[in-house]
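One structure below.
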Number of protein chains: 2
Amino acid sequence: MVEQHITSAFDRDLEAVQAQIMKMGGLVETAIRDSAHALETRDEEQALSVRANDKAIDALEEIINSEAARVIALRAPTAVDLRVILSVIKIAANLERIGDYAKNIGKRTVVLSQGGHLTTESGAALRRMAREVERMLKDALDAYIQRDVELATDVIERDTDVDQMYNAMFREFLTHMMEDARNITPCMHLHFIAKNIERMGDHVTAIAEQVVYVVSGEKPAEDRVKADTTSIKPQEA
Amino acid sequence: MVEQHITSAFDRDLEAVQAQIMKMGGLVETAIRDSAHALETRDEEQALSVRANDKAIDALEEIINSEAARVIALRAPTAVDLRVILSVIKIAANLERIGDYAKNIGKRTVVLSQGGHLTTESGAALRRMAREVERMLKDALDAYIQRDVELATDVIERDTDVDQMYNAMFREFLTHMMEDARNITPCMHLHFIAKNIERMGDHVTAIAEQVVYVVSGEKPAEDRVKADTTSIKPQEA
């Protein structure tokens, strides 16, 4: 009974906070895209702007946290309403972290473009990986607003592709480093950029899992394990 | 002014919720230890008990969320008080996720012990890695209760050791898989156990970062990048 009764005042408050989440999501999508573009084109200026823009993302998280707390203080939500308003706080935390990873990529891009060692292939591969994470994030946020468990589950499953891309790049970087010691420093930077993107994927997955949790009250724990099992399958072929 | 004024009623409420966090932390430490022990000794029964015990961890997160929401509704905290009570929700989410990874290790242990391919060295290496994460978690929670930024920073830095252990194991598993195709399936399982432990380390780091944030109001973003840079250094030697 409690689960079905949602007051319209709570709904209005929730909509306002969710609008902020979408705004924050838009900034984070831009940060992912810009950081990957700056990396591929070695655009130091764009890399620096990603770092500067991260402040706006952090500020939005603070606003969302305060707003969510205000709603809790005002409406004292329980059951499903509480789950929803807490999901806002958790999703904002995930978005903030993804923004941080984009900022880190910006920092490394500046270092890399001064060293001048980035191969075209690595830049393109990293951008493809970032592009996939950006699409996943867009879908995860759409799934959140539409309470679309199917789309959220799809996002969770697609994280295995990102993991596979990361594993493939890790092996490639290792090979380059073993071939020639001069590759070690640039490959280390590239490896951590790849790792940052993979971590972004994890946080997008966490957002998608919040969607499943908000709608069903159940955590999609089984999917996490299943996703794990397939993530290095290509090596079997 | 607001930052310094903490009502004693809020303090009492906070202490009660923090006690639940410590209880949850204790259960999660046990889950890490037991899952690693079950893996090394191939103790299927213990592996199954880790899975069963995860329900108590999940239930505690729900209780902590409700309690934190009750405190917010009752005290309408702002500024530093709000930051503290939100940190409780975020730390509980991190602990829940670490518990999930321990449960996943339990699941894989059951599969592995039926296949019978685990080498003694892999089991011992994974247990060492889990042991380090368990120690980090203990310190992160102590740092939280004592608001000890120095200890929290130390935990954040130690996560690079866990990353290094993971990278070393990943390379070793790849070698085994390339040597003999029959190693592929068991090494895949071991790889994902290693990955689960590495992810646990990330969530412990997130808890330590919450400590820094609660105390200083600043996110330790610089440390995250610095930590990244050192994590494959051994290959340079």
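Chain lettering (A, B, ...) mirrors the order of the structure tokens, residue numbering begins at 1 for each chain separately, and ligand numbering begins at 1 in order of display.
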Worksheet entry | Contact residues (chain A, partner chain B, 6 Å, only C-alpha atoms) as a PyMOL selection string | chain A and resi 72-73+76
Worksheet entry | Residue contacts of stretch 12-16 of chain B (10 Å, only C-alpha atoms) excluding same-chain residues fewer than 2 positions away, as a PyMOL selection string | chain B and resi 7-10+18-21+64+67-68+70-72+74-75+81+84-85+88+145
Worksheet item: Which residues come within 7 Å of stretch 207-212 of chain A, counting only C-alpha atoms, excluding same-chain residues fewer than 4 positions away, as a VMD selection string?
Response: chain A and resid 87 91 94 140 143 to 144 147 149 152 to 153 155 to 156 203 216 218 to 220
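Nearest-residue note for A:Gly106: choosing from A:Arg51, A:Arg128, A:Asp180, A:Met169, the minimum distance belongs to A:Arg51, counting only C-alpha atoms.
Residue nearest A:Leu60, chosen from A:Ala130, A:Val162, A:Ala47, A:Val28 and counting only C-alpha atoms: A:Val28.
Take atom CA of A:Asp163 and atom CA of A:Glu198: the distance between them is 6.3 Å.
Our summary of the geometry notes that atom CA of A:Gly99 is positioned 17.5 Å from atom CA of A:Glu45.
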